[in-house]
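So the structure is just underneath, and the comments pick up after that.
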Amino acid sequence: MRAPKGRGARLAAAVAAVSALALTASACGTDGKGSEGGEGSGKGTVTFWDNNGGVRTEVWKEIISRFEKKNPDIKVKYVGVAAADVQSKYDTAIAGGKGLPDVGGVGTAMLASLVAQDALDPVTDRIEDSSLKGGFDPNLVKSVQVAGGGDELFSVPTSANMGVLWYRTDLFEAAGVPAPTTWDAFFTATEKLTDRKNNEFGFTFRGGAGSIAQALDMMYGQSGIDSFWNGDSTTVNDPKNVAALEKYVALYKKTTPEADLNNDFTKMVAEFDNGRIGILQHNLGSFQNHLDALGKDKFAGVAMPVDAAGVRTTVSNPVDGIGLFKSSGNKQAAWKFIEFAASAEANSLWNESAGAIPSNTQAQDDDWIASAGATKIAIDALTDPKTRIVQLPYYLPDWNTLSKADSEPEFQKVVLGRLSAKDFLDAFAGKLNAAQADWKKHNS
């Protein structure tokens, strides 16, 4: 296999220092931080950690059942881990030197940390030598490569999300405004659907937890800048992005509820589903919430708006995947499970359950896609040659901190008019440029 690039020793040491407790989850796999494990016999039991346990438990159990019928010499021990806990569970197991699974769900948002800690086996060559060769959406492959910090794949992509504008079709029809498929149509609709006296608003704003991801999507979408980096400097504070952020933030209290300042995902979705809000910017993951609350006839989803030339620019969403842990003592059997889970059959089953974009290109042609509404729209947008995807730097060990804890309180100041969009983005850019320089220093 190709040798991976440098691991970012600084992050690994930091994670190890704060992760002092042994993993207490049951049914753990093989032990040993940094252990190379082994290929094993290709039979026996492998342990799989589901990184969204509870939410996707039933579909994974069905996939495992089908796999075991085809591979009677292999048993898969399922361990469901809540999405909010999975990163810390991995880190604790690595730091404690034991308890990692053979196989685990690994999204691109956490991939850099696991790569830095040398916890994952590269899988590029395994894919090339398997039935999965050439079977993945190239945009999703690129996202996984970028998140891993190079050309190597450290997880097998399984699904992706995409930024979506959910809108209330009943309210749009009553107001006689077109769907928000262009930026002009979006901003016009937010104004025409707002009647503050009657508690009706054109848009619901995300000012609390998770606000930066949404702001970046809305910002780059308007500016049309199609790369996060220009050389070693970020484009975050490009004048076009500054202008776009100013226009986006100006929606607050003008066409949104004042309480949106503290909106996280849950509050924002509830506000859209239970009130008279015209548009919500989120992703495919909230489809079921809207369906349960509104019914299929009162809402619809469209991909992020296009510009006057019909070009759509959107930031990359985390790509979910399955990782092969280096410490596994039965990699042959573990890989057989991964290969099956990423096959067209299983990948289609999982993504139909989740309402997400399948990574397997054969699965993208299945019948359920055509009737899946926003999922079909998202796939069409993803494969449209006029769609530009800005790859966010998930590979930076500091990315999650910089784009969340360090930036969300400052972003609220921008929303409240206490800090200019330019000053906010300049400060954000300075931290990003420093993080990029540090990453290059340790990975050159």
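Chain lettering (A, B, ...) mirrors the order of the structure tokens, residue numbering begins at 1 for each chain separately, and ligand numbering begins at 1 in order of display.
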
May I have the residues within 12 Å of A:Glu271 as a PyMOL selection string, using only C-alpha atoms and disregarding those fewer than 2 positions away in the same chain? chain A and resi 199-206+256-257+259-260+263-269+273-280+289-290+293-294

Find the spatial neighbours of A:Ile225, counting only C-alpha atoms, within a cut-off of 9 Å - ignore same-chain residues fewer than 2 positions away - and output them as a ChimeraX atom specification. /A:220-223,227-228,235,238,240-241,313,388,390

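Here atom CA of A:Met304 and atom CA of A:Trp350 stand 24.4 Å from one another.
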
List the spatial neighbours of A:Ile357 as a ChimeraX atom specification - criterion: any atom at most 8 Å away, only C-alpha atoms, same-chain residues fewer than 6 positions off excluded. /A:159-161,351,364,375,378-379

Please tabulate, as a Markdown table, the residues of stretch 321-382 of chain A that come within 10 Å of stretch 45-55 of chain A, each with its closest pair of atoms and the distance in Å to one decimal, counting only C-alpha atoms and ordering rows by chain, then residue number upward.
| residue | atom | partner | partner_atom | distance |
| --- | --- | --- | --- | --- |
| A:Gly321 | CA | A:Asn51 | CA | 9.5 |
| A:Ile322 | CA | A:Asp50 | CA | 9.1 |
| A:Gly323 | CA | A:Phe48 | CA | 9.8 |
| A:Leu324 | CA | A:Phe48 | CA | 9.7 |
| A:Ser328 | CA | A:Val46 | CA | 8.5 |
| A:Gly329 | CA | A:Val46 | CA | 9.1 |
| A:Asn330 | CA | A:Val46 | CA | 7.1 |
| A:Lys331 | CA | A:Val46 | CA | 8.7 |
| A:Gln332 | CA | A:Val46 | CA | 9.9 |
| A:Ala333 | CA | A:Val46 | CA | 7.0 |
| A:Ala334 | CA | A:Val46 | CA | 6.0 |
| A:Trp335 | CA | A:Val46 | CA | 9.8 |
| A:Phe337 | CA | A:Val46 | CA | 8.6 |
| A:Ile338 | CA | A:Phe48 | CA | 9.8 |
| A:Ser353 | CA | A:Val55 | CA | 9.9 |
| A:Ala354 | CA | A:Val55 | CA | 8.9 |

What does the file look like for those residues with C-alpha atoms, as an mmCIF file, in the first residue's frame?
data_model
loop_
_atom_site.group_PDB
_atom_site.id
_atom_site.type_symbol
_atom_site.label_atom_id
_atom_site.label_comp_id
_atom_site.auth_asym_id
_atom_site.auth_seq_id
_atom_site.Cartn_x
_atom_site.Cartn_y
_atom_site.Cartn_z
ATOM 1 C CA GLY A 321 -17.595 6.526 5.171
ATOM 2 C CA ILE A 322 -16.252 3.325 6.678
ATOM 3 C CA GLY A 323 -12.701 3.040 7.964
ATOM 4 C CA LEU A 324 -10.483 -0.019 8.404
ATOM 5 C CA SER A 328 -7.469 -4.927 13.459
ATOM 6 C CA GLY A 329 -6.177 -8.465 13.657
ATOM 7 C CA ASN A 330 -8.611 -9.717 11.018
ATOM 8 C CA LYS A 331 -8.377 -7.246 8.151
ATOM 9 C CA GLN A 332 -9.376 -9.775 5.488
ATOM 10 C CA ALA A 333 -12.751 -10.352 7.109
ATOM 11 C CA ALA A 334 -13.115 -6.661 7.997
ATOM 12 C CA TRP A 335 -12.469 -5.670 4.388
ATOM 13 C CA PHE A 337 -17.634 -6.452 5.286
ATOM 14 C CA ILE A 338 -16.594 -2.994 4.087
ATOM 15 C CA SER A 353 -33.169 4.909 4.705
ATOM 16 C CA ALA A 354 -31.160 8.060 5.363
#

Between A:Ala303, A:Leu349, A:Val146, A:Val249, which has the minimum distance to A:Leu419 (counting only C-alpha atoms)? A:Val249
